[in-house]
>>> print(open('query-v5.cif').read())   # mmCIF, C-alpha atoms
data_query
loop_
_atom_site.label_atom_id
_atom_site.label_comp_id
_atom_site.auth_asym_id
_atom_site.auth_seq_id
_atom_site.Cartn_x
_atom_site.Cartn_y
_atom_site.Cartn_z
CA MET N 1 -4.30 -6.13 -10.36
CA ARG N 2 -5.95 -9.42 -11.32
CA ARG N 3 -9.27 -9.15 -13.13
CA ALA N 4 -10.98 -11.26 -10.45
CA ASP N 5 -9.81 -8.82 -7.76
CA ARG N 6 -11.02 -5.90 -9.86
CA LEU N 7 -14.49 -7.36 -10.26
CA PHE N 8 -14.65 -8.04 -6.53
CA LEU N 9 -13.72 -4.44 -5.76
CA ILE N 10 -16.34 -3.07 -8.18
CA ILE N 11 -19.08 -5.01 -6.39
CA HIS N 12 -17.86 -3.82 -2.99
CA ALA N 13 -17.65 -0.23 -4.20
CA LEU N 14 -21.32 -0.32 -5.22
CA GLN N 15 -22.67 -1.94 -2.06
CA GLY N 16 -24.41 0.37 0.39
CA ARG N 17 -24.53 3.38 -1.93
CA ARG N 18 -27.61 5.58 -2.27
CA THR N 19 -26.30 7.55 -5.23
CA ALA N 20 -24.75 6.32 -8.46
CA LEU N 21 -20.99 5.83 -8.51
CA PRO N 22 -19.46 7.40 -11.64
CA ALA N 23 -17.39 5.11 -13.84
CA ARG N 24 -14.57 7.71 -13.83
CA ARG N 25 -14.21 7.41 -10.05
CA LEU N 26 -14.04 3.62 -10.33
CA ALA N 27 -11.43 3.87 -13.08
CA ASP N 28 -9.27 6.27 -11.08
CA THR N 29 -9.48 4.16 -7.93
CA LEU N 30 -8.69 0.89 -9.70
CA GLY N 31 -6.02 2.41 -11.96
CA VAL N 32 -7.66 1.26 -15.20
CA SER N 33 -9.29 2.89 -18.22
CA LEU N 34 -12.95 3.83 -18.51
CA ARG N 35 -13.32 1.22 -21.25
CA THR N 36 -12.13 -1.46 -18.80
CA VAL N 37 -14.68 -0.36 -16.20
CA TYR N 38 -17.50 -0.41 -18.75
CA ARG N 39 -16.49 -3.90 -19.89
CA ASP N 40 -16.17 -5.23 -16.34
CA VAL N 41 -19.56 -3.85 -15.29
CA SER N 42 -21.17 -5.30 -18.41
CA ASP N 43 -19.65 -8.71 -17.66
CA LEU N 44 -20.91 -8.56 -14.07
CA GLN N 45 -24.41 -7.66 -15.26
CA THR N 46 -24.36 -10.51 -17.77
CA SER N 47 -23.38 -12.95 -15.02
CA GLY N 48 -26.34 -11.92 -12.88
CA VAL N 49 -24.96 -9.26 -10.54
CA ALA N 50 -27.78 -6.78 -9.86
CA ILE N 51 -26.03 -3.61 -11.10
CA GLU N 52 -28.18 -0.79 -12.41
CA GLY N 53 -27.10 2.26 -14.41
CA GLU N 54 -25.12 2.97 -17.54
CA ALA N 55 -21.99 4.61 -18.91
CA GLY N 56 -22.01 8.38 -18.43
CA VAL N 57 -24.55 8.17 -15.58
CA GLY N 58 -23.04 5.89 -12.98
CA TYR N 59 -23.82 2.59 -11.33
CA LEU N 60 -25.78 1.33 -8.34
CA LEU N 61 -26.32 -2.10 -6.83
CA ARG N 62 -30.00 -2.96 -6.83
CA LYS N 63 -31.73 -2.35 -3.48
CA GLY N 64 -31.72 -5.44 -1.28
CA SER N 65 -28.27 -6.56 -2.39
CA ASP N 66 -26.43 -4.76 0.43
CA ILE N 67 -24.41 -6.35 3.22
CA PRO N 68 -24.43 -5.06 6.83
CA PRO N 69 -22.24 -2.00 7.53
CA LEU N 70 -18.95 -2.29 9.36
CA MET N 71 -19.10 -1.19 13.00
CA PHE N 72 -16.55 1.64 13.07
CA THR N 73 -16.72 4.68 15.31
CA ALA N 74 -16.15 8.04 13.65
CA GLU N 75 -12.69 8.28 15.25
CA GLU N 76 -11.71 4.78 14.08
CA LEU N 77 -12.81 5.56 10.55
CA GLU N 78 -10.92 8.85 10.42
CA ALA N 79 -7.80 7.04 11.66
CA LEU N 80 -8.13 4.61 8.73
CA VAL N 81 -8.62 7.45 6.24
CA VAL N 82 -5.61 9.38 7.53
CA GLY N 83 -3.51 6.21 7.65
CA THR N 84 -4.40 5.53 4.02
CA ARG N 85 -3.29 9.03 3.08
CA PHE N 86 0.08 8.44 4.72
CA VAL N 87 0.53 5.11 2.94
CA ARG N 88 -0.36 6.68 -0.41
CA ALA N 89 2.12 9.49 0.20
CA PHE N 90 5.11 7.60 1.56
CA ALA N 91 4.95 3.83 1.11
CA GLY N 92 5.39 3.30 -2.65
CA GLU N 93 2.95 2.36 -5.38
CA LYS N 94 2.26 -1.24 -4.34
CA LEU N 95 1.16 -0.48 -0.79
CA ALA N 96 -0.60 2.69 -1.95
CA MET N 97 -2.78 0.63 -4.29
CA GLY N 98 -3.46 -1.86 -1.49
CA ALA N 99 -4.47 0.91 0.90
CA GLN N 100 -6.74 2.47 -1.71
CA ALA N 101 -8.40 -0.87 -2.45
CA ALA N 102 -8.93 -1.54 1.27
CA MET N 103 -10.55 1.86 1.79
CA LEU N 104 -12.75 1.29 -1.25
CA LYS N 105 -14.09 -1.89 0.38
CA ILE N 106 -14.63 -0.14 3.71
CA ASP N 107 -16.27 2.89 2.10
CA ALA N 108 -18.64 0.63 0.17
CA VAL N 109 -20.33 -0.74 3.29
CA LEU N 110 -20.34 2.32 5.56
CA PRO N 111 -23.47 4.19 6.57
CA VAL N 112 -23.77 7.43 4.62
CA GLU N 113 -23.22 9.66 7.65
CA LEU N 114 -19.91 7.97 8.52
CA ARG N 115 -18.75 8.02 4.91
CA GLU N 116 -19.43 11.74 4.67
CA ARG N 117 -17.69 12.45 7.97
CA ALA N 118 -14.60 10.53 6.83
CA ALA N 119 -14.48 12.57 3.63
CA ARG N 120 -14.40 15.76 5.72
CA SER N 121 -11.23 14.83 7.62
CA ARG N 122 -8.83 17.79 7.68
CA VAL N 123 -5.69 15.79 8.41
CA PHE N 124 -3.78 15.92 5.14
CA VAL N 125 -0.51 14.43 3.94
CA PRO N 126 2.03 16.04 1.54
CA GLN N 127 2.81 14.66 -1.87
CA ARG N 128 5.04 11.60 -2.15
CA TRP N 129 8.76 12.34 -2.01
CA TYR N 130 11.77 10.90 -3.82
CA GLU N 131 11.74 7.28 -2.63
CA ALA N 132 8.03 6.82 -3.25
CA ARG N 133 8.03 8.57 -6.64
CA SER N 134 11.06 6.74 -7.98
CA GLY N 135 9.92 3.24 -7.00
CA VAL N 136 12.78 2.75 -4.51
CA VAL N 137 10.42 1.79 -1.67
CA ASP N 138 8.60 -0.70 -3.90
CA ALA N 139 11.85 -2.30 -5.04
CA LEU N 140 13.23 -2.62 -1.51
CA HIS N 141 9.91 -3.87 -0.18
CA GLU N 142 9.90 -6.59 -2.83
CA ALA N 143 13.51 -7.55 -2.05
CA ILE N 144 12.69 -7.87 1.65
CA GLY N 145 9.68 -10.07 0.94
CA ALA N 146 11.62 -12.30 -1.45
CA ARG N 147 14.75 -12.32 0.79
CA ARG N 148 16.98 -11.26 -2.05
CA VAL N 149 20.62 -10.43 -1.43
CA LEU N 150 21.39 -6.93 -2.74
CA LYS N 151 24.65 -5.54 -4.05
CA VAL N 152 24.83 -1.94 -2.88
CA GLU N 153 26.91 1.08 -3.83
CA TYR N 154 26.56 3.20 -0.70
CA ARG N 155 27.50 6.80 0.07
CA ASP N 156 27.64 7.67 3.78
CA ALA N 157 27.14 11.03 5.50
CA SER N 158 30.75 12.05 4.81
CA ASP N 159 30.43 11.15 1.10
CA ALA N 160 32.68 8.11 1.44
CA THR N 161 31.52 5.30 -0.86
CA SER N 162 31.64 1.54 -0.45
CA THR N 163 30.38 -1.59 -2.17
CA ARG N 164 28.60 -4.17 -0.04
CA GLU N 165 26.32 -7.17 -0.17
CA ILE N 166 23.43 -6.94 2.26
CA GLU N 167 20.48 -9.04 3.41
CA PRO N 168 17.52 -6.59 3.64
CA LEU N 169 15.24 -7.12 6.64
CA CYS N 170 12.89 -4.15 7.09
CA LEU N 171 12.04 -0.58 6.11
CA ALA N 172 11.34 2.27 8.52
CA CYS N 173 10.12 5.80 7.83
CA TRP N 174 11.41 8.65 10.02
CA GLY N 175 9.56 11.74 8.92
CA ARG N 176 11.13 12.59 5.57
CA VAL N 177 13.83 9.90 5.74
CA TRP N 178 13.54 6.17 5.06
CA THR N 179 16.03 3.65 6.41
CA LEU N 180 16.65 0.06 5.39
CA GLY N 181 17.61 -2.33 8.18
CA ALA N 182 19.89 -5.10 6.94
CA TRP N 183 22.64 -7.57 7.72
CA CYS N 184 25.84 -6.29 6.11
CA ARG N 185 28.08 -9.11 4.94
CA MET N 186 31.11 -6.84 4.70
CA ARG N 187 30.79 -5.58 8.29
CA GLN N 188 29.38 -8.87 9.59
CA GLY N 189 26.77 -6.99 11.54
CA PHE N 190 23.47 -5.13 11.37
CA ARG N 191 23.48 -1.75 9.64
CA ASN N 192 20.99 0.92 8.64
CA PHE N 193 21.12 2.35 5.11
CA ARG N 194 19.38 5.37 3.66
CA PRO N 195 17.78 4.52 0.30
CA ASP N 196 18.49 8.02 -1.04
CA ARG N 197 22.23 7.33 -0.65
CA MET N 198 22.32 3.95 -2.33
CA GLN N 199 22.28 2.31 -5.73
CA PHE N 200 21.43 -1.38 -5.64
CA ILE N 201 20.79 -4.44 -7.74
CA ALA N 202 19.66 -7.95 -6.84
CA THR N 203 22.48 -10.48 -7.01
CA GLY N 204 20.19 -13.39 -7.88
CA GLU N 205 20.98 -15.00 -4.53
CA THR N 206 18.44 -15.41 -1.73
CA PHE N 207 19.15 -15.69 1.97
CA VAL N 208 17.62 -17.49 4.93
CA GLU N 209 16.84 -15.54 8.09
CA THR N 210 18.31 -17.10 11.21
CA SER N 211 17.94 -16.33 14.90
CA GLU N 212 21.28 -14.50 14.76
CA ARG N 213 20.76 -12.63 11.47
CA GLY N 214 16.99 -12.20 11.11
CA LEU N 215 14.46 -9.48 11.90
CA GLU N 216 14.04 -10.37 15.56
CA ALA N 217 17.80 -10.16 16.10
CA TYR N 218 17.94 -6.84 14.22
CA LEU N 219 15.19 -5.33 16.40
CA ALA N 220 16.94 -6.56 19.55
CA HIS N 221 20.22 -5.06 18.31
CA ALA N 222 18.46 -1.74 17.65
CA GLY N 223 16.84 -1.81 21.10
CA VAL N 224 13.32 -1.78 19.64
CA PRO N 225 10.73 -3.96 21.44
CA ARG N 226 8.82 -6.14 18.95
CA GLN N 227 5.44 -4.77 20.03
CA MET N 228 6.51 -1.23 19.10
CA VAL N 229 6.64 -2.11 15.40
CA GLU N 230 3.46 -4.17 15.19
#
>>> encode(input="query-v5.cif", output="structure tokens")
Amino acid sequence: MRRADRLFLIIHALQGRRTALPARRLADTLGVSLRTVYRDVSDLQTSGVAIEGEAGVGYLLRKGSDIPPLMFTAEELEALVVGTRFVRAFAGEKLAMGAQAAMLKIDAVLPVELRERAARSRVFVPQRWYEARSGVVDALHEAIGARRVLKVEYRDASDATSTREIEPLCLACWGRVWTLGAWCRMRQGFRNFRPDRMQFIATGETFVETSERGLEAYLAHAGVPRQMVE
């Protein structure tokens, strides 16, 4: 995370609070050390941000520095909290950090009663499984975004193996199974691959999505209306 983003998140985390926010909670949320939090807060104070408090006690933004709360209903807020829990459990480290940062911003400007209600949500999500823990989802997500051609060693349901080059287009989660939607150059058609059955490396080549071989064509081939995945 860039330092500028971290400082922005610290300010948002302090806005709207009535009680001091411990430095340890900030460190855990931002994924940095306590020393980094102390240094960042000190730098913000030096530059004129009205932060009160100290290490070991916690921090508050001086009264009058708040921004108006977001207009969420209790049900909307709980949906965001539960959605964040799912992302943190299943979607890899990169999206998990993004979801956590987004909720930190939302939490910072909520009225106390809504914040407390969100914290009481009893919809829980199990711990992250293989793909999320091993970084597979992150690696495939990055390859999709960068349109990198992947060389894949794939093992199918009957344990037959094959080597292919694929153009990755999208990821989908089906309960406890992820699938990667891609254009398979060997088969000259769209295929779905399970990440837990594949070993892959980037070839160094990138591809260009076309109307015949891009995401829209893949969704049409799979019989999935575009609005169902938005």
>>> residues_around(input="query-v5.cif", residues="Ala74 of chain N", least_positions_apart="4", cutoff="12 Å", atoms="only C-alpha atoms", output="PDB file with C-alpha atoms, in the frame of the given file")
ATOM      1  CA  LEU N  70     -18.950  -2.290   9.360  1.00  0.00           C
ATOM      2  CA  GLU N  78     -10.920   8.850  10.420  1.00  0.00           C
ATOM      3  CA  ALA N  79      -7.800   7.040  11.660  1.00  0.00           C
ATOM      4  CA  LEU N  80      -8.130   4.610   8.730  1.00  0.00           C
ATOM      5  CA  VAL N  81      -8.620   7.450   6.240  1.00  0.00           C
ATOM      6  CA  LEU N 110     -20.340   2.320   5.560  1.00  0.00           C
ATOM      7  CA  PRO N 111     -23.470   4.190   6.570  1.00  0.00           C
ATOM      8  CA  VAL N 112     -23.770   7.430   4.620  1.00  0.00           C
ATOM      9  CA  GLU N 113     -23.220   9.660   7.650  1.00  0.00           C
ATOM     10  CA  LEU N 114     -19.910   7.970   8.520  1.00  0.00           C
ATOM     11  CA  ARG N 115     -18.750   8.020   4.910  1.00  0.00           C
ATOM     12  CA  GLU N 116     -19.430  11.740   4.670  1.00  0.00           C
ATOM     13  CA  ARG N 117     -17.690  12.450   7.970  1.00  0.00           C
ATOM     14  CA  ALA N 118     -14.600  10.530   6.830  1.00  0.00           C
ATOM     15  CA  ALA N 119     -14.480  12.570   3.630  1.00  0.00           C
ATOM     16  CA  ARG N 120     -14.400  15.760   5.720  1.00  0.00           C
ATOM     17  CA  SER N 121     -11.230  14.830   7.620  1.00  0.00           C
TER      18      SER N 121
END
>>> closest_residue(input="query-v5.cif", among="N:Ala89, N:Leu95, N:Leu180, N:Leu104", to="Pro126 of chain N", atoms="all atoms listed in the file")
N:Ala89
>>> resolve_selection(input="query-v5.cif", expression="the PyMOL selection byres ((chain N and resi 37-47) around 9)", output="PyMOL selection string")
chain N and resi 3+6-7+10-11+23-24+26-27+30+32-36+48-52+54-55+59
>>> closest_residue(input="query-v5.cif", among="N:Arg213, N:His141, N:His12, N:Arg191", to="Ala101 of chain N", atoms="all atoms listed in the file")
N:His12
>>> atom_distance(input="query-v5.cif", atom1="atom CA of Arg176 of chain N", atom2="atom CA of Phe193 of chain N")
14.3 Å
>>> atom_distance(input="query-v5.cif", atom1="atom CA of Arg25 of chain N", atom2="atom CA of Val136 of chain N")
27.9 Å
>>> resolve_selection(input="query-v5.cif", expression="the PyMOL selection byres ((chain N and resi 164) around 10)", output="VMD selection string")
chain N and resid 150 to 154 161 to 163 165 to 166 184 to 187 200
>>> atom_distance(input="query-v5.cif", atom1="atom CA of Glu167 of chain N", atom2="atom CA of Trp183 of chain N")
5.0 Å
>>> residues_near_point(input="query-v5.cif", point="(13.7, 4.6, 7.9)", cutoff="12 Å", atoms="only C-alpha atoms", output="list in words")
Phe90, Ala91, Glu131, Val137, Leu140, Leu169, Cys170, Leu171, Ala172, Cys173, Trp174, Gly175, Arg176, Val177, Trp178, Thr179, Leu180, Gly181, Ala182, Arg191, Asn192, Phe193, Arg194, Pro195 and Asp196 of chain N
>>> write_last_selection(input="query-v5.cif", atoms="C-alpha atoms", output="compact mmCIF listing (two decimals), keeping the file's coordinate frame")
# COMPACT_ATOMS: atom_id res chain seq x y z
CA PHE N 90 5.11 7.60 1.56
CA ALA N 91 4.95 3.83 1.11
CA GLU N 131 11.74 7.28 -2.63
CA VAL N 137 10.42 1.79 -1.67
CA LEU N 140 13.23 -2.62 -1.51
CA LEU N 169 15.24 -7.12 6.64
CA CYS N 170 12.89 -4.15 7.09
CA LEU N 171 12.04 -0.58 6.11
CA ALA N 172 11.34 2.27 8.52
CA CYS N 173 10.12 5.80 7.83
CA TRP N 174 11.41 8.65 10.02
CA GLY N 175 9.56 11.74 8.92
CA ARG N 176 11.13 12.59 5.57
CA VAL N 177 13.83 9.90 5.74
CA TRP N 178 13.54 6.17 5.06
CA THR N 179 16.03 3.65 6.41
CA LEU N 180 16.65 0.06 5.39
CA GLY N 181 17.61 -2.33 8.18
CA ALA N 182 19.89 -5.10 6.94
CA ARG N 191 23.48 -1.75 9.64
CA ASN N 192 20.99 0.92 8.64
CA PHE N 193 21.12 2.35 5.11
CA ARG N 194 19.38 5.37 3.66
CA PRO N 195 17.78 4.52 0.30
CA ASP N 196 18.49 8.02 -1.04
>>> closest_residue(input="query-v5.cif", among="N:Thr210, N:Met97, N:Arg85, N:Leu60", to="Thr29 of chain N", atoms="only C-alpha atoms")
N:Met97
>>> residues_near_point(input="query-v5.cif", point="(15.4, -14.8, 4.9)", cutoff="8 Å", atoms="all atoms listed in the file", output="NGL selection string")
:N and (146-148 or 167 or 169 or 206-210 or 214)
>>> closest_residue(input="query-v5.cif", among="N:Leu21, N:Ala139, N:Leu14, N:Pro225", to="Gln199 of chain N", atoms="only C-alpha atoms")
N:Ala139
>>> closest_residue(input="query-v5.cif", among="N:Glu205, N:Arg197, N:Ala20, N:Tyr218", to="Ala157 of chain N", atoms="only C-alpha atoms")
N:Arg197
>>> closest_residue(input="query-v5.cif", among="N:Asp138, N:Val149, N:Thr203, N:Glu75", to="Ala96 of chain N", atoms="all atoms listed in the file")
N:Asp138
>>> decode(input="query-v5.cif", residues="segment 175-206 of chain N", atoms="C-alpha atoms", output="PDB file, in the first residue's frame")
ATOM      1  CA  GLY N 175     -19.035 -22.589  -3.259  1.00  0.00           C
ATOM      2  CA  ARG N 176     -15.726 -24.270  -2.462  1.00  0.00           C
ATOM      3  CA  VAL N 177     -14.525 -24.436  -6.073  1.00  0.00           C
ATOM      4  CA  TRP N 178     -13.020 -21.688  -8.231  1.00  0.00           C
ATOM      5  CA  THR N 179     -13.015 -21.836 -12.017  1.00  0.00           C
ATOM      6  CA  LEU N 180     -10.998 -19.840 -14.522  1.00  0.00           C
ATOM      7  CA  GLY N 181     -12.755 -18.973 -17.770  1.00  0.00           C
ATOM      8  CA  ALA N 182     -10.320 -18.759 -20.677  1.00  0.00           C
ATOM      9  CA  TRP N 183      -9.726 -19.114 -24.387  1.00  0.00           C
ATOM     10  CA  CYS N 184      -7.739 -22.311 -24.941  1.00  0.00           C
ATOM     11  CA  ARG N 185      -5.370 -22.029 -27.880  1.00  0.00           C
ATOM     12  CA  MET N 186      -4.950 -25.793 -28.129  1.00  0.00           C
ATOM     13  CA  ARG N 187      -8.703 -26.468 -28.344  1.00  0.00           C
ATOM     14  CA  GLN N 188      -9.437 -23.221 -30.192  1.00  0.00           C
ATOM     15  CA  GLY N 189     -12.398 -22.609 -27.950  1.00  0.00           C
ATOM     16  CA  PHE N 190     -13.544 -21.435 -24.529  1.00  0.00           C
ATOM     17  CA  ARG N 191     -12.777 -23.704 -21.585  1.00  0.00           C
ATOM     18  CA  ASN N 192     -13.146 -23.668 -17.819  1.00  0.00           C
ATOM     19  CA  PHE N 193     -10.183 -24.672 -15.649  1.00  0.00           C
ATOM     20  CA  ARG N 194     -10.041 -25.420 -11.947  1.00  0.00           C
ATOM     21  CA  PRO N 195      -7.082 -23.617 -10.330  1.00  0.00           C
ATOM     22  CA  ASP N 196      -6.546 -26.494  -7.885  1.00  0.00           C
ATOM     23  CA  ARG N 197      -5.789 -28.778 -10.851  1.00  0.00           C
ATOM     24  CA  MET N 198      -3.338 -26.538 -12.638  1.00  0.00           C
ATOM     25  CA  GLN N 199       0.241 -25.337 -12.534  1.00  0.00           C
ATOM     26  CA  PHE N 200       0.880 -22.217 -14.579  1.00  0.00           C
ATOM     27  CA  ILE N 201       3.457 -19.643 -15.541  1.00  0.00           C
ATOM     28  CA  ALA N 202       3.218 -16.452 -17.573  1.00  0.00           C
ATOM     29  CA  THR N 203       4.731 -16.808 -21.038  1.00  0.00           C
ATOM     30  CA  GLY N 204       5.702 -13.144 -21.294  1.00  0.00           C
ATOM     31  CA  GLU N 205       3.183 -12.676 -24.099  1.00  0.00           C
ATOM     32  CA  THR N 206       0.027 -10.576 -23.791  1.00  0.00           C
TER      33      THR N 206
END
